[in-house]
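**Q** Take a look at the following structure, please.
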Amino acid sequence: CSLAMPTKNQFQLLTQRRYLPYFSLQFLGALNDNVFKTSLLMLIAITLAPTDPNKANLLNNLGAAAFIFPFFLFSATAGQLADKYEKKKLVQIIKFGEILIAMLIALGFYLESFPFLLFVLFLLGVQAAFFAPVKYSILPQYLEQSELTGGNGLVEMGTFVAILLGTIIGGLIISIEEWGSIAIPVVVFLIALFGWLFSLMIPNAKVKAQDPQLKINWEPISQTWRTLKEAATDRTLFWTMIGISWFWFYGSMLITQIPNYTRIFLGADAKVMTLMLTVASLGIGLGSVLCEPLSKRKEEIGLVPLGALGLTLFAADLSFAHGPAPSTIIGVHAFLQQWQNWRVLLDLFLIGLFGGFYSVPLYVMLQTRSMPEKRSQIIAANSILNALFMTAASFLAIGVLKLGLSIPKLFLLVALLNGAMTFCIYKQVPEFLIRFRLWIRGE
């Protein structure tokens, strides 16, 4: 298929070789991360929580840190490599690395060693950190300007569907006592293999975005600082990154609380928790793909204030949505009998929907307004900030819950913080509100 043939809508991209292999491999990558992460954390809970809950909590928290820490350490290096070398080749090398990591996962399950599996989770985080700058910076080399919103919308939708599916698949397989720990390495290996095969199908890019003369600084700490400092020189791009990172802060604050919120305040079981995560993921998927028609196939940052308004209102409503918790743990059928629970589901769906309106235009803005030969380093800076904000979200949630704030009150706090943060962003970059007013008027 010709790289120069623009599509009439985003779904046509899924029929074209310049997009489908890329979409498939990034979907499979997110799926694999979550199949393994979920299965490992559940195995720790099943094996250790009944006999040694403190050790189980320690390993769970170490697992979360093992995956996120590589983004601090390696994103800056990854951004340089993606700006210096051909992105297609880098994707193929990174995806082949996933196959090698899958083999180590099999060894870890065979040895039944949690420390070794946590080390492998760290390696998976390293692989994800090297993939992140390429994942977003490669798109403008294959898509027309009018296709970027739709292309990013599909990626966002695919990522959240993959996270949800990976969480469900990993949890279901590992809970099968007889052969769950044998099946997980097989599934992870097959997903990694298919991801690598899709990477081989990516065609050559007609648009070049390399700087072959770039000198790589291999020292991660100084390069991380340099990357962030350079990103901060363009105020609009820097505040765009803050906006994206804030979305990850907001999302991790809410999603992390869902299991305990479901059990304590809704009195419901794990299947209800899965239902709630599914509804939120469907909302994000729909919001992401609606960005293309709403933006009239161009960069439209006027959607960002609309998204931010919805994120504030519906997180606030979620804090008041639940009814009295039942006396016994209920399943999906009994959960859906109570009207208050429909309000909870609607809030989660709308948070997802407006989250799509908020995040997709920001990613498009990052791609279109960064210099092609420095685009990967800008996106690497964004990855570092994302990791910082998500870590801050964990510490803040732990802190306020320890101080006695309930989970519903935490949702209200997140809503208020979202309003304050988005106000700061609009004050720094008034263009968001200007475009919002023009978008409302249809201009």
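Starting from 1 in every chain, residues are counted up; chains themselves are A, B, ... following the order of the structure tokens, and ligands are numbered from 1 as listed.
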So that I can check the surroundings of region 388-395 of chain A, please list as a PyMOL selection string every protein, DNA and RNA residue that reaches within 8 Å of it, counting only C-alpha atoms and ignoring chain neighbours fewer than 5 positions away.

**A** chain A and resi 72+245-246+248-250+252-253

**Q** Env of region 416-424 of chain A: 8 Å cut, atoms = only C-alpha atoms, seq-sep filter 5 positions within chain, self excluded. Answer as a PyMOL selection string.

**A** chain A and resi 243+246+250+305+308-309+311-312+316

**Q** With N, CA and C atoms retained, could you export that selection as a short mmCIF file (atom, residue, chain, number, x, y, z; two decimals), in the first residue's frame?

**A**
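Heads up, here's the output in part-v2.cif:
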data_model
loop_
_atom_site.label_atom_id
_atom_site.label_comp_id
_atom_site.auth_asym_id
_atom_site.auth_seq_id
_atom_site.Cartn_x
_atom_site.Cartn_y
_atom_site.Cartn_z
N GLY A 243 0.55 18.16 30.98
CA GLY A 243 -0.86 17.77 30.81
C GLY A 243 -1.01 16.27 30.63
N TRP A 246 -0.09 14.52 33.87
CA TRP A 246 -1.18 14.68 34.84
C TRP A 246 -2.29 13.65 34.59
N TYR A 250 -3.72 11.20 37.38
CA TYR A 250 -5.16 11.10 37.64
C TYR A 250 -5.62 9.65 37.49
N PRO A 305 -9.76 21.15 27.04
CA PRO A 305 -10.58 21.68 28.14
C PRO A 305 -11.90 20.92 28.32
N ALA A 308 -10.97 17.83 30.22
CA ALA A 308 -10.61 18.15 31.61
C ALA A 308 -11.85 18.43 32.45
N LEU A 309 -12.84 19.12 31.85
CA LEU A 309 -14.10 19.42 32.56
C LEU A 309 -14.81 18.12 32.95
N LEU A 311 -13.44 15.12 33.29
CA LEU A 311 -12.63 14.40 34.28
C LEU A 311 -12.87 14.95 35.68
N THR A 312 -13.06 16.25 35.80
CA THR A 312 -13.31 16.87 37.11
C THR A 312 -14.72 16.54 37.61
N ALA A 316 -15.72 13.83 40.71
CA ALA A 316 -16.43 14.40 41.88
C ALA A 316 -17.73 13.62 42.12
#

**Q** Considering only C-alpha atoms, give me a table of residues in region 165-229 of chain A that are at most 12 Å from region 44-65 of chain A, with the closest atom pair and distance in Å for each, as JSON lines.

**A**
{"residue": "A:Gly171", "atom": "CA", "partner": "A:Ile46", "partner_atom": "CA", "distance": 11.0}
{"residue": "A:Ile174", "atom": "CA", "partner": "A:Ile46", "partner_atom": "CA", "distance": 9.5}
{"residue": "A:Ser175", "atom": "CA", "partner": "A:Ile46", "partner_atom": "CA", "distance": 8.4}
{"residue": "A:Ile176", "atom": "CA", "partner": "A:Ile46", "partner_atom": "CA", "distance": 11.2}
{"residue": "A:Glu177", "atom": "CA", "partner": "A:Ile46", "partner_atom": "CA", "distance": 10.3}
{"residue": "A:Ser181", "atom": "CA", "partner": "A:Ile44", "partner_atom": "CA", "distance": 11.9}

**Q** Check the smallest atom-to-atom distance from each of A:Met276, A:Leu362, A:Ala387, A:Leu200 to Ala66 (chain A) using only C-alpha atoms, then report the winner.

**A**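 For Ala66 (chain A), the nearest of the candidates is A:Ala387.
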
**Q** Among region 248-298 of chain A, which ones does DSSP assign to helix (DSSP H, G or I) (computed from the backbone)? Answer as number ranges by chain.

**A** A: 248-264, 270-295

**Q** Do you know which residues are at most 12 Å from Ser370 (chain A) counting only C-alpha atoms, after dropping those on the same chain fewer than 4 positions away, and could you put them as a ChimeraX atom specification?

**A** /A:136-137,140,209,230-231,233-238,240-241,363-366,374-379,381

**Q** Can you work out which one of A:Phe357, A:Ile351, A:Asn204, A:Phe160 has the shortest atom-to-atom distance to Glu86 (chain A), counting only C-alpha atoms?

**A** A:Asn204

**Q** Counting only C-alpha atoms, which residue out of A:Gln80, A:Thr278, A:Gln338, A:Thr256 sits closest to Ile398 (chain A)?

**A**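 Between A:Gln80, A:Thr278, A:Gln338, A:Thr256, the residue approaching Ile398 (chain A) most closely is A:Thr256.
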
**Q** Could you check how far CA of Ala192 (chain A) sits from CA of Phe96 (chain A), in Å to one decimal?

**A**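 Calculated distance between CA of Ala192 (chain A) and CA of Phe96 (chain A) is 7.8 Å.
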
**Q** A:Pro361, A:Gly399, A:Pro212, A:Pro185: which is nearest Val304 (chain A), counting only C-alpha atoms?

**A**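 Once distances to Val304 (chain A) are computed over only C-alpha atoms, the minimum belongs to A:Pro361.
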